[in-house]
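K.L.:
Below is the file target_37.csv, with CSV, C-alpha atoms.
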```csv
chain,number,residue,atom,x,y,z
Z,24,MET,CA,-8.9,-35.2,35.9
Z,25,ILE,CA,-9.2,-36.6,32.3
Z,26,ASP,CA,-12.2,-38.6,33.4
Z,27,LEU,CA,-13.9,-35.5,34.6
Z,28,LEU,CA,-13.1,-33.7,31.3
Z,29,LEU,CA,-14.5,-36.6,29.3
Z,30,THR,CA,-17.7,-37.1,31.4
Z,31,TYR,CA,-18.6,-33.5,31.3
Z,32,PRO,CA,-18.0,-32.1,27.8
Z,33,ILE,CA,-19.1,-28.7,28.9
Z,34,ILE,CA,-16.1,-28.4,31.3
Z,35,SER,CA,-13.7,-29.7,28.7
Z,36,ALA,CA,-15.1,-27.3,26.2
Z,37,LEU,CA,-14.7,-24.4,28.5
Z,38,VAL,CA,-11.2,-25.5,29.4
Z,39,ALA,CA,-10.2,-26.0,25.8
Z,40,LEU,CA,-11.5,-22.6,24.6
Z,41,GLY,CA,-10.3,-20.8,27.6
Z,42,GLY,CA,-6.8,-22.4,27.3
Z,43,LEU,CA,-6.8,-21.5,23.6
Z,44,SER,CA,-7.7,-17.9,24.3
Z,45,VAL,CA,-5.1,-17.6,27.0
Z,46,PHE,CA,-2.4,-19.1,24.7
Z,47,PHE,CA,-3.2,-16.8,21.8
Z,48,GLY,CA,-3.5,-13.8,24.2
Z,49,ALA,CA,0.0,-14.6,25.5
Z,50,VAL,CA,1.4,-14.9,21.9
Z,51,LEU,CA,-0.2,-11.6,20.9
Z,52,GLY,CA,1.0,-9.9,24.0
Z,53,PHE,CA,4.5,-11.1,23.3
Z,54,ALA,CA,4.3,-9.9,19.7
Z,55,ALA,CA,3.0,-6.5,20.8
Z,56,VAL,CA,6.2,-6.1,22.8
Z,57,LYS,CA,8.5,-7.6,20.2
Z,58,PHE,CA,7.1,-5.7,17.2
Z,59,LYS,CA,6.5,-2.5,19.0
Z,60,VAL,CA,6.5,0.4,16.5
Z,61,GLU,CA,7.8,3.7,17.7
Z,62,GLY,CA,6.2,6.7,16.1
Z,63,ASP,CA,5.2,6.5,12.6
Z,64,PRO,CA,8.1,5.3,10.4
Z,65,LEU,CA,6.3,6.6,7.3
Z,66,VAL,CA,6.7,10.2,8.5
Z,67,GLU,CA,10.5,9.6,8.6
Z,68,ARG,CA,10.5,8.3,5.1
Z,69,ILE,CA,8.4,11.1,3.7
Z,70,ASP,CA,10.6,13.6,5.5
Z,71,GLU,CA,13.7,12.1,3.9
Z,72,LEU,CA,12.2,12.8,0.4
Z,73,LEU,CA,11.4,16.4,1.1
Z,74,PRO,CA,14.1,19.0,0.2
Z,75,GLN,CA,14.6,20.2,3.8
Z,76,THR,CA,14.5,23.9,2.8
Z,77,GLN,CA,12.0,24.6,5.6
Z,78,CYS,CA,10.6,27.3,3.3
Z,79,GLY,CA,7.0,27.0,4.5
Z,80,GLN,CA,5.5,27.4,1.1
Z,81,CYS,CA,3.3,24.3,1.7
Z,82,GLY,CA,1.5,26.1,4.4
Z,83,TYR,CA,3.3,24.2,7.2
Z,84,PRO,CA,6.1,25.6,9.4
Z,85,GLY,CA,8.7,23.3,7.9
Z,86,CYS,CA,9.4,20.0,6.1
Z,87,ARG,CA,8.7,17.7,9.0
Z,88,PRO,CA,5.3,19.1,9.8
Z,89,TYR,CA,4.4,18.8,6.2
Z,90,ALA,CA,5.7,15.2,6.2
Z,91,GLU,CA,3.3,14.5,9.1
Z,92,ALA,CA,0.5,16.2,7.3
Z,93,ILE,CA,1.1,14.0,4.2
Z,94,ALA,CA,1.1,10.9,6.4
Z,95,ASN,CA,-2.3,12.0,7.6
Z,96,GLY,CA,-3.6,12.4,4.1
Z,97,ASP,CA,-2.7,15.9,2.9
Z,98,ALA,CA,-2.0,16.5,-0.8
Z,99,ILE,CA,1.6,15.7,-1.9
Z,100,ASN,CA,1.9,18.4,-4.5
Z,101,LYS,CA,2.6,21.5,-2.3
Z,102,CYS,CA,6.4,21.6,-2.4
Z,103,PRO,CA,7.7,24.0,-5.0
Z,104,PRO,CA,11.4,23.7,-4.0
Z,105,GLY,CA,11.3,20.0,-4.5
Z,106,GLY,CA,9.6,20.4,-7.9
Z,107,GLN,CA,7.9,17.7,-9.8
Z,108,ALA,CA,10.7,15.2,-9.0
Z,109,THR,CA,9.8,15.3,-5.3
Z,110,VAL,CA,6.1,14.9,-6.1
Z,111,ASN,CA,6.9,11.8,-8.2
Z,112,ASN,CA,9.1,10.3,-5.5
Z,113,LEU,CA,6.4,10.9,-2.9
Z,114,ALA,CA,3.8,9.3,-5.2
Z,115,ASP,CA,6.0,6.3,-5.6
Z,116,LEU,CA,6.5,6.0,-1.8
Z,117,LEU,CA,2.8,6.3,-1.1
Z,118,GLY,CA,1.6,4.2,-4.0
Z,119,VAL,CA,-0.7,6.9,-5.5
Z,120,SER,CA,-0.6,8.4,-8.9
Z,121,ALA,CA,1.5,11.5,-9.2
Z,122,PRO,CA,-0.4,14.8,-9.4
Z,123,THR,CA,1.1,17.7,-11.1
Z,124,LEU,CA,2.7,20.3,-8.8
Z,125,ASP,CA,0.0,22.6,-7.4
Z,126,ALA,CA,-0.1,25.7,-9.6
Z,127,GLU,CA,-1.3,27.8,-6.8
Z,128,GLU,CA,1.6,26.8,-4.5
Z,129,GLY,CA,4.3,27.1,-7.2
Z,130,ALA,CA,3.5,28.6,-10.5
Z,131,ASP,CA,5.6,27.9,-13.6
Z,132,THR,CA,6.1,24.3,-12.6
Z,133,ASP,CA,8.1,23.0,-15.4
Z,134,VAL,CA,10.9,25.5,-15.5
Z,135,LYS,CA,13.4,25.4,-12.6
Z,136,LYS,CA,14.2,28.9,-11.4
Z,137,VAL,CA,16.9,30.6,-9.3
Z,138,ALA,CA,16.9,33.9,-7.6
Z,139,PHE,CA,19.1,36.7,-9.2
Z,140,ILE,CA,20.0,39.9,-7.5
Z,141,ARG,CA,20.4,43.0,-9.7
Z,142,GLU,CA,23.6,44.0,-8.0
Z,143,ASP,CA,23.7,47.7,-8.9
Z,144,GLU,CA,20.3,48.2,-7.2
Z,145,CYS,CA,21.1,46.2,-4.0
Z,146,ILE,CA,21.4,48.4,-1.0
Z,147,GLY,CA,22.9,45.7,1.3
Z,148,CYS,CA,20.1,45.5,3.8
Z,149,THR,CA,20.7,41.7,4.5
Z,150,LYS,CA,16.9,41.1,4.6
Z,151,CYS,CA,17.1,38.5,1.9
Z,152,LEU,CA,20.0,36.7,3.7
Z,153,GLN,CA,17.8,36.2,6.7
Z,154,ALA,CA,14.9,34.9,4.6
Z,155,CYS,CA,17.0,32.4,2.6
Z,156,PRO,CA,16.4,28.9,4.1
Z,157,VAL,CA,19.4,27.3,2.4
Z,158,ASP,CA,22.0,30.1,2.9
Z,159,ALA,CA,22.4,30.5,-0.8
Z,160,ILE,CA,22.8,34.3,-0.6
Z,161,VAL,CA,26.2,35.8,0.4
Z,162,GLY,CA,26.9,39.4,1.4
Z,163,ALA,CA,27.2,41.6,4.5
Z,164,ALA,CA,25.5,44.8,5.8
Z,165,LYS,CA,26.0,47.8,3.5
Z,166,GLN,CA,27.6,45.4,1.0
Z,167,MET,CA,26.2,44.1,-2.2
Z,168,HIS,CA,24.6,40.6,-2.0
Z,169,THR,CA,24.6,37.9,-4.6
Z,170,VAL,CA,23.1,34.5,-5.0
Z,171,ILE,CA,25.0,31.2,-5.3
Z,172,ALA,CA,23.0,29.8,-8.2
Z,173,ASP,CA,23.9,26.1,-7.5
Z,174,GLU,CA,22.6,26.4,-3.9
Z,175,CYS,CA,19.4,28.2,-4.7
Z,176,THR,CA,16.3,26.1,-4.7
Z,177,GLY,CA,14.0,28.7,-6.3
Z,178,CYS,CA,11.8,28.9,-3.3
Z,179,ASP,CA,10.9,32.6,-3.8
Z,180,LEU,CA,11.2,33.5,-0.1
Z,181,CYS,CA,13.8,36.2,-0.7
Z,182,VAL,CA,11.7,38.1,-3.2
Z,183,GLU,CA,9.1,39.4,-0.7
Z,184,PRO,CA,11.4,40.9,2.0
Z,185,CYS,CA,13.6,42.9,-0.5
Z,186,PRO,CA,12.8,46.6,0.0
Z,187,VAL,CA,14.0,47.7,-3.4
Z,188,ASP,CA,12.6,44.8,-5.4
Z,189,CYS,CA,16.0,44.0,-6.9
Z,190,ILE,CA,15.5,40.2,-6.9
Z,191,ASP,CA,14.3,38.4,-10.0
Z,192,MET,CA,13.4,34.8,-10.4
Z,193,LEU,CA,15.2,33.7,-13.6
Z,194,PRO,CA,14.7,30.4,-15.3
Z,195,VAL,CA,17.9,28.3,-15.3
Z,196,ALA,CA,19.4,28.1,-18.8
Z,197,THR,CA,19.6,24.6,-20.2
Z,198,THR,CA,23.2,23.4,-20.5
Z,199,VAL,CA,24.7,20.4,-22.2
Z,200,LYS,CA,24.8,18.7,-18.8
Z,201,ASP,CA,21.1,18.8,-17.9
Z,202,TRP,CA,19.5,18.8,-21.3
Z,203,GLY,CA,17.1,15.9,-21.9
Z,204,TRP,CA,14.7,14.7,-24.6
Z,205,GLN,CA,11.2,16.2,-24.4
Z,206,MET,CA,8.6,13.7,-23.1
Z,207,PRO,CA,6.4,12.6,-26.0
Z,208,LYS,CA,3.0,14.2,-26.0
Z,209,PRO,CA,0.0,11.8,-25.7
Z,210,ALA,CA,-1.7,11.2,-29.1
Z,211,LYS,CA,-4.8,13.3,-29.8
Z,212,GLY,CA,-7.9,11.9,-31.3
Z,213,PRO,CA,-9.6,8.5,-30.8
Z,214,HIS,CA,-7.8,5.8,-28.8
Z,215,ILE,CA,-6.7,3.1,-31.1
Z,216,ILE,CA,-5.3,0.9,-28.3
Z,217,ALA,CA,-7.4,0.4,-25.2
Z,218,THR,CA,-4.4,0.6,-23.0
Z,219,ASP,CA,-3.7,4.2,-23.8
Z,220,LYS,CA,-3.2,5.8,-20.4
Z,221,SER,CA,-4.2,9.2,-21.5
Z,222,VAL,CA,-7.5,9.2,-19.8
Z,223,PRO,CA,-8.8,11.9,-17.5
Z,224,GLN,CA,-8.2,11.2,-13.8
Z,225,ASP,CA,-11.9,10.7,-13.0
Z,226,HIS,CA,-12.1,7.7,-15.3
Z,227,ALA,CA,-9.3,5.8,-13.5
Z,228,ALA,CA,-11.5,4.6,-10.7
K,6,MET,CA,3.6,-36.4,-6.6
K,7,GLU,CA,0.6,-36.2,-4.2
K,8,PHE,CA,1.7,-32.8,-2.9
K,9,PHE,CA,2.1,-31.5,-6.5
K,10,VAL,CA,-1.5,-32.7,-7.2
K,11,ILE,CA,-2.7,-30.8,-4.1
K,12,LEU,CA,-1.0,-27.6,-5.2
K,13,LEU,CA,-2.3,-27.9,-8.7
K,14,SER,CA,-5.8,-28.7,-7.5
K,15,THR,CA,-6.0,-25.7,-5.1
K,16,VAL,CA,-4.3,-23.2,-7.3
K,17,LEU,CA,-6.0,-23.9,-10.6
K,18,VAL,CA,-8.7,-26.5,-10.6
K,19,ASN,CA,-10.5,-25.8,-7.4
K,20,ASN,CA,-9.4,-22.2,-7.2
K,21,PHE,CA,-11.0,-20.7,-4.1
K,22,VAL,CA,-12.1,-17.5,-5.6
K,23,LEU,CA,-13.2,-18.3,-9.1
K,24,VAL,CA,-14.4,-21.9,-8.7
K,25,GLN,CA,-15.5,-22.1,-5.0
K,26,PHE,CA,-16.5,-18.4,-4.8
K,27,LEU,CA,-14.8,-17.9,-1.4
K,28,GLY,CA,-13.0,-14.6,-0.5
K,29,LEU,CA,-14.8,-12.4,-3.1
K,30,CYS,CA,-14.8,-9.3,-0.9
K,31,PRO,CA,-11.0,-8.7,-1.1
K,32,PHE,CA,-11.1,-10.0,-4.7
K,33,MET,CA,-13.4,-7.1,-5.7
K,34,GLY,CA,-12.1,-4.6,-3.1
K,35,VAL,CA,-8.3,-4.7,-3.4
K,36,SER,CA,-8.0,-5.3,-7.1
K,37,ASN,CA,-7.9,-1.6,-8.3
K,38,LYS,CA,-4.1,-1.4,-8.3
K,39,LEU,CA,-1.5,-4.0,-9.2
K,40,GLU,CA,0.9,-3.2,-6.4
K,41,THR,CA,-1.9,-3.3,-3.7
K,42,ALA,CA,-3.1,-6.6,-5.1
K,43,ILE,CA,0.4,-8.1,-4.9
K,44,GLY,CA,0.7,-6.9,-1.3
K,45,MET,CA,-2.7,-8.2,-0.4
K,46,GLY,CA,-1.8,-11.5,-2.0
K,47,ALA,CA,1.4,-11.8,0.0
K,48,ALA,CA,-0.4,-10.9,3.3
K,49,THR,CA,-3.1,-13.4,2.6
K,50,THR,CA,-0.6,-16.1,1.7
K,51,PHE,CA,1.2,-15.5,5.0
K,52,VAL,CA,-2.1,-15.6,7.0
K,53,LEU,CA,-3.7,-18.5,5.2
K,54,THR,CA,-0.7,-20.8,5.4
K,55,LEU,CA,-0.2,-20.0,9.1
K,56,ALA,CA,-3.9,-20.2,9.9
K,57,SER,CA,-4.3,-23.6,8.2
K,58,ILE,CA,-1.3,-25.0,10.1
K,59,CYS,CA,-2.5,-23.6,13.4
K,60,SER,CA,-6.1,-24.8,12.9
K,61,TYR,CA,-4.8,-28.2,12.0
K,62,MET,CA,-2.8,-28.4,15.2
K,63,VAL,CA,-5.8,-27.1,17.3
K,64,HIS,CA,-8.1,-29.6,15.7
K,65,ALA,CA,-5.8,-32.7,15.8
K,66,TRP,CA,-4.1,-32.1,19.1
K,67,LEU,CA,-6.8,-30.4,21.2
K,68,LEU,CA,-10.3,-30.8,19.9
K,69,THR,CA,-10.1,-34.5,18.7
K,70,PRO,CA,-8.6,-36.0,21.9
K,71,LEU,CA,-11.1,-34.2,24.0
K,72,GLY,CA,-14.0,-35.2,21.7
K,73,LEU,CA,-14.8,-31.5,21.0
K,74,THR,CA,-14.9,-31.5,17.2
K,75,PHE,CA,-18.2,-29.7,17.4
K,76,LEU,CA,-16.3,-26.7,18.6
K,77,ARG,CA,-14.1,-26.5,15.5
K,78,THR,CA,-15.8,-23.5,13.8
K,79,ILE,CA,-15.5,-21.2,16.8
K,80,SER,CA,-12.0,-22.4,17.6
K,81,PHE,CA,-10.9,-21.8,14.0
K,82,ILE,CA,-12.4,-18.3,14.2
K,83,LEU,CA,-10.3,-17.7,17.3
K,84,VAL,CA,-7.2,-19.1,15.6
K,85,ILE,CA,-7.7,-17.0,12.5
K,86,ALA,CA,-8.3,-13.8,14.4
K,87,ALA,CA,-5.1,-14.3,16.5
K,88,VAL,CA,-3.1,-15.1,13.4
K,89,VAL,CA,-4.4,-12.0,11.5
K,90,GLN,CA,-3.6,-9.8,14.5
K,91,PHE,CA,-0.1,-11.3,14.6
K,92,ALA,CA,0.4,-10.7,10.9
K,93,LYS,CA,-0.8,-7.1,11.3
K,94,MET,CA,1.8,-6.4,14.0
K,95,PHE,CA,4.5,-8.2,11.9
K,96,ILE,CA,3.7,-6.2,8.8
K,97,GLU,CA,3.4,-2.9,10.6
K,98,LYS,CA,6.9,-3.5,12.0
K,99,THR,CA,8.6,-4.8,8.8
K,100,SER,CA,6.9,-2.8,6.1
K,101,PRO,CA,5.0,0.3,7.2
K,102,LEU,CA,4.3,1.1,3.5
K,103,LEU,CA,2.6,-2.2,2.8
K,104,TYR,CA,0.7,-1.7,6.1
K,105,ARG,CA,-0.6,1.6,5.0
K,106,VAL,CA,-1.5,0.4,1.5
K,107,LEU,CA,-3.4,-2.6,2.8
K,108,GLY,CA,-5.1,-0.4,5.4
K,109,VAL,CA,-8.5,-1.7,6.4
K,110,PHE,CA,-8.2,-4.8,4.2
K,111,LEU,CA,-5.5,-6.3,6.5
K,112,PRO,CA,-7.9,-6.7,9.5
K,113,LEU,CA,-10.6,-7.8,7.0
K,114,ILE,CA,-8.5,-11.0,6.3
K,115,THR,CA,-10.1,-12.2,9.5
K,116,THR,CA,-13.5,-12.3,7.8
K,117,ASN,CA,-12.1,-13.6,4.6
K,118,CYS,CA,-14.2,-16.7,4.2
K,119,ALA,CA,-11.5,-18.4,2.2
K,120,VAL,CA,-9.4,-18.6,5.4
K,121,LEU,CA,-12.2,-20.3,7.4
K,122,GLY,CA,-13.1,-22.3,4.3
K,123,VAL,CA,-9.6,-23.8,4.0
K,124,ALA,CA,-9.5,-24.7,7.7
K,125,LEU,CA,-12.9,-26.4,7.6
K,126,GLN,CA,-12.2,-28.2,4.3
K,127,ASN,CA,-8.9,-29.5,5.9
K,128,THR,CA,-10.9,-31.2,8.6
K,129,ASN,CA,-13.6,-32.4,6.3
K,130,LYS,CA,-11.1,-34.0,4.0
K,131,ALA,CA,-9.1,-35.4,7.0
K,132,HIS,CA,-5.8,-34.0,5.7
K,133,SER,CA,-2.5,-34.7,7.4
K,134,PHE,CA,-0.3,-32.0,8.8
K,135,THR,CA,1.7,-31.5,5.6
K,136,GLN,CA,-1.4,-31.8,3.4
K,137,SER,CA,-3.1,-29.1,5.5
K,138,ALA,CA,-0.2,-26.8,5.2
K,139,LEU,CA,0.1,-27.4,1.4
K,140,TYR,CA,-3.7,-27.0,1.0
K,141,GLY,CA,-3.6,-23.6,2.8
K,142,PHE,CA,-0.6,-22.5,0.9
K,143,GLY,CA,-2.0,-23.6,-2.5
K,144,ALA,CA,-5.3,-21.9,-1.8
K,145,ALA,CA,-3.4,-18.7,-0.9
K,146,VAL,CA,-1.3,-18.9,-4.1
K,147,GLY,CA,-4.4,-19.4,-6.1
K,148,PHE,CA,-6.1,-16.5,-4.4
K,149,SER,CA,-3.0,-14.2,-5.1
K,150,LEU,CA,-2.8,-15.4,-8.7
K,151,VAL,CA,-6.3,-14.5,-9.6
K,152,LEU,CA,-6.1,-11.3,-7.5
K,153,VAL,CA,-3.0,-10.1,-9.4
K,154,LEU,CA,-4.4,-11.2,-12.8
K,155,PHE,CA,-7.7,-9.5,-12.1
K,156,SER,CA,-6.1,-6.3,-10.9
K,157,ALA,CA,-4.0,-6.2,-14.1
K,158,LEU,CA,-7.2,-6.5,-16.1
K,159,ARG,CA,-8.9,-3.8,-14.1
K,160,GLU,CA,-5.9,-1.4,-14.6
K,161,ARG,CA,-6.5,-1.8,-18.3
K,162,LEU,CA,-10.3,-1.5,-17.9
K,163,ALA,CA,-9.7,1.9,-16.2
K,164,ALA,CA,-8.3,3.2,-19.4
K,165,ALA,CA,-10.7,1.4,-21.7
K,166,ASP,CA,-13.7,3.0,-23.4
K,167,VAL,CA,-16.4,1.3,-21.4
K,168,PRO,CA,-20.1,2.2,-22.1
K,169,VAL,CA,-21.4,4.5,-19.4
K,170,PRO,CA,-23.9,2.0,-17.7
K,171,PHE,CA,-21.1,-0.5,-17.3
K,172,LYS,CA,-18.4,1.8,-15.9
K,173,GLY,CA,-16.7,0.9,-12.6
K,174,ALA,CA,-18.0,-2.1,-10.6
K,175,ALA,CA,-20.3,-3.4,-13.2
K,176,VAL,CA,-17.7,-4.1,-15.8
K,177,GLY,CA,-15.5,-5.5,-12.9
K,178,MET,CA,-18.2,-8.0,-12.1
K,179,ILE,CA,-18.6,-9.1,-15.7
K,180,THR,CA,-14.8,-9.5,-16.0
K,181,ALA,CA,-14.7,-11.6,-12.9
K,182,GLY,CA,-17.5,-13.8,-14.3
K,183,LEU,CA,-15.5,-14.2,-17.6
K,184,MET,CA,-12.4,-15.1,-15.6
K,185,SER,CA,-14.4,-17.7,-13.6
K,186,LEU,CA,-15.6,-19.1,-16.9
K,187,ALA,CA,-12.0,-19.3,-18.1
K,188,PHE,CA,-11.0,-21.2,-14.9
K,189,MET,CA,-13.7,-23.7,-15.6
K,190,GLY,CA,-11.4,-24.9,-18.4
K,191,PHE,CA,-9.1,-26.4,-15.7
K,192,ALA,CA,-11.9,-28.7,-14.5
K,193,GLY,CA,-10.9,-32.4,-14.8
K,194,LEU,CA,-7.2,-31.6,-14.9
K,195,VAL,CA,-6.7,-33.5,-11.7
```
Please lay out the structure from this file as structure tokens.
P.N.:
Amino acid sequence: MIDLLLTYPIISALVALGGLSVFFGAVLGFAAVKFKVEGDPLVERIDELLPQTQCGQCGYPGCRPYAEAIANGDAINKCPPGGQATVNNLADLLGVSAPTLDAEEGADTDVKKVAFIREDECIGCTKCLQACPVDAIVGAAKQMHTVIADECTGCDLCVEPCPVDCIDMLPVATTVKDWGWQMPKPAKGPHIIATDKSVPQDHAA
Amino acid sequence: MEFFVILLSTVLVNNFVLVQFLGLCPFMGVSNKLETAIGMGAATTFVLTLASICSYMVHAWLLTPLGLTFLRTISFILVIAAVVQFAKMFIEKTSPLLYRVLGVFLPLITTNCAVLGVALQNTNKAHSFTQSALYGFGAAVGFSLVLVLFSALRERLAAADVPVPFKGAAVGMITAGLMSLAFMGFAGLV
């Protein structure tokens, strides 16, 4: 057997390469079973970061479909209930630079807003209750409704169905608990230090 | 001491990217962001070390006894392709994020000439098993080092006021050339 292999190098070459291929094929086949990936784990992790209000303002029927869309390359700045914080978290997860929240999807990005029902105008129709994705509105039929401000995500979904337009979106007043320093504005004028990151996006190739 | 010399030699003096000019494609391609560069460096380190060990075993225990050393290039390509595929599955399972960030560059490690270059140089220099492993590891560390340094430079370049004709890849090439020049300073260290 060994003699045969040594006298005819072509046979030993074929045997060696064939054996090598079979061996690596077996290893890879084993690895494919061992390291099998079910679904796309990235979708799960994106879904965890989304606020789960299922409000549909991103243009998808809920948070999970939007998570799948992000995993397939959709923009990450379409979630007004999550606000800029969610956009930043998503940018961290995906390793991209954080865009600002899409103005078209959610205007007035900086100020967090909550719904407020002008209670003397409310007719108790319960339409806003059904629209609210987070059950932040309490009330019953023919009774006045009101909004639990802590639960409200500011998603705007209750404004549209109200037949008497008695719902306003009010900015949340700053309290001692959530007040923070203003972020410093980038310096205007010529860049003195080359590392200034205040360049337009199209320069950062 | 000998092992230390091998590491020093591959990481700094005979750096695969800047001195031997192997593996330039990922060096230019994946160096736009620091995090990506670190991930790519880690993946290449994994693949290169494993590939140099495997190709040593194939060469010493299969090809040499059968007198088939002329087949080494094609067998090494086979080994590298298998190792890269294995690494791809492993990374997809353990770190889906890194898998996504590396994207097409992960399969492209297969055609990274540094990987094949290390395997072939190991046989040319008649390295032992430990020497081969260290040589591969050192080459990968050197590759990761310059990749990370270069991507940090490029992150700064992105914000710098570069003259219009030099924007983008052009200034990247010039920077790479200057880095290579700087690494010449290590020549004669070992």
K.L.:
Would you mind listing what lies within 10 Å of segment 29-43 of chain K as a PyMOL selection string, with all atoms listed in the file counted and same-chain residues fewer than 6 positions away left out?
P.N.:
(chain Z and resi 118-119+227-228) or (chain K and resi 21-23+49+103+106-107+110-111+113-114+116-119+148-160+162-163+174+177-178+181)
K.L.:
I need the contact residues of chain K against chain Z, so if you could list those with any atom within 7 Å, counting only C-alpha atoms, and return them as a PyMOL selection string, that would help.
P.N.:
chain K and resi 71+73+87+91+94-95+98+101-102+161+163-165+173
K.L.:
Using all atoms listed in the file, which residues sit within 12 Å of Asp173 of chain Z once same-chain residues fewer than 6 positions away are excluded, as a list of chain:residue names?
P.N.:
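In the requested format, the answer is Z:Lys135, Z:Lys136, Z:Val137, Z:Ala138, Z:Phe139, Z:Val157, Z:Asp158, Z:Ala159, Z:Ile160, Z:Val195.
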K.L.:
Would you compute the distance between atom CA of Ala124 of chain K and atom CA of Phe81 of chain K? Give it in Å to one decimal.
P.N.:
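Value for the atom CA of Ala124 of chain K-atom CA of Phe81 of chain K distance: 7.1 Å.
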K.L.:
When you draw a straight line from atom CA of Ala175 of chain K to atom CA of Thr15 of chain K, how long is it in Å?
P.N.:
27.7 Å
K.L.:
Restricting the calculation to all atoms listed in the file: of Z:Leu152, Z:Met192, Z:Ile146, Z:Cys86, which residue gets closest to Lys101 of chain Z?
P.N.:
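For Lys101 of chain Z, the nearest of the given residues is Z:Cys86.
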K.L.:
So how far away is atom CA of Arg87 of chain Z from atom CA of Glu97 of chain K, in Å?
P.N.:
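Atom-to-atom, atom CA of Glu97 of chain K and atom CA of Arg87 of chain Z are spaced 21.3 Å apart.
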K.L.:
What would the list of residues within 10 Å of (-11.9, -22.6, -5.3) (file frame) look like as a list of chain:residue names, if only C-alpha atoms are what count?
P.N.:
K:Ser14, K:Thr15, K:Val16, K:Leu17, K:Val18, K:Asn19, K:Asn20, K:Phe21, K:Val22, K:Leu23, K:Val24, K:Gln25, K:Phe26, K:Leu27, K:Gly28, K:Ala119, K:Gly122, K:Val123, K:Ala144, K:Gly147, K:Phe148, K:Ser185, K:Phe188
K.L.:
Export, as a PDB file, in the frame of the given file, the selected residues with C-alpha atoms.
P.N.:
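Resulting contents of part32.pdb:
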```
ATOM      1  CA  SER K  14      -5.800 -28.700  -7.500  1.00  0.00           C
ATOM      2  CA  THR K  15      -6.000 -25.700  -5.100  1.00  0.00           C
ATOM      3  CA  VAL K  16      -4.300 -23.200  -7.300  1.00  0.00           C
ATOM      4  CA  LEU K  17      -6.000 -23.900 -10.600  1.00  0.00           C
ATOM      5  CA  VAL K  18      -8.700 -26.500 -10.600  1.00  0.00           C
ATOM      6  CA  ASN K  19     -10.500 -25.800  -7.400  1.00  0.00           C
ATOM      7  CA  ASN K  20      -9.400 -22.200  -7.200  1.00  0.00           C
ATOM      8  CA  PHE K  21     -11.000 -20.700  -4.100  1.00  0.00           C
ATOM      9  CA  VAL K  22     -12.100 -17.500  -5.600  1.00  0.00           C
ATOM     10  CA  LEU K  23     -13.200 -18.300  -9.100  1.00  0.00           C
ATOM     11  CA  VAL K  24     -14.400 -21.900  -8.700  1.00  0.00           C
ATOM     12  CA  GLN K  25     -15.500 -22.100  -5.000  1.00  0.00           C
ATOM     13  CA  PHE K  26     -16.500 -18.400  -4.800  1.00  0.00           C
ATOM     14  CA  LEU K  27     -14.800 -17.900  -1.400  1.00  0.00           C
ATOM     15  CA  GLY K  28     -13.000 -14.600  -0.500  1.00  0.00           C
ATOM     16  CA  ALA K 119     -11.500 -18.400   2.200  1.00  0.00           C
ATOM     17  CA  GLY K 122     -13.100 -22.300   4.300  1.00  0.00           C
ATOM     18  CA  VAL K 123      -9.600 -23.800   4.000  1.00  0.00           C
ATOM     19  CA  ALA K 144      -5.300 -21.900  -1.800  1.00  0.00           C
ATOM     20  CA  GLY K 147      -4.400 -19.400  -6.100  1.00  0.00           C
ATOM     21  CA  PHE K 148      -6.100 -16.500  -4.400  1.00  0.00           C
ATOM     22  CA  SER K 185     -14.400 -17.700 -13.600  1.00  0.00           C
ATOM     23  CA  PHE K 188     -11.000 -21.200 -14.900  1.00  0.00           C
TER      24      PHE K 188
END
```
K.L.:
With distances taken over all atoms listed in the file, which residue among K:Phe9, K:Phe51, K:Phe134, K:Phe142 lies nearest Val89 of chain K?
P.N.:
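Once distances to Val89 of chain K are computed over all atoms listed in the file, the minimum belongs to K:Phe51.
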K.L.:
Counting all atoms listed in the file, which residue out of Z:Cys189, Z:Ile171, Z:Ala164, Z:Val110 sits closest to Arg141 of chain Z?
P.N.:
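Selected residue with least distance to Arg141 of chain Z: Z:Cys189.
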K.L.:
List the spatial neighbours of Leu139 of chain K as a PyMOL selection string - criterion: any atom at most 9 Å away, all atoms listed in the file, same-chain residues fewer than 4 positions off excluded.
P.N.:
chain K and resi 8+11-12+54+57+134-135+143-144
K.L.:
Just checking: using all atoms listed in the file, which residue out of K:Leu194, K:Leu186, K:Val109, K:Val167 ends up closest to Lys93 of chain K?
P.N.:
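With all atoms listed in the file as the atom set, the closest residue is K:Val109.
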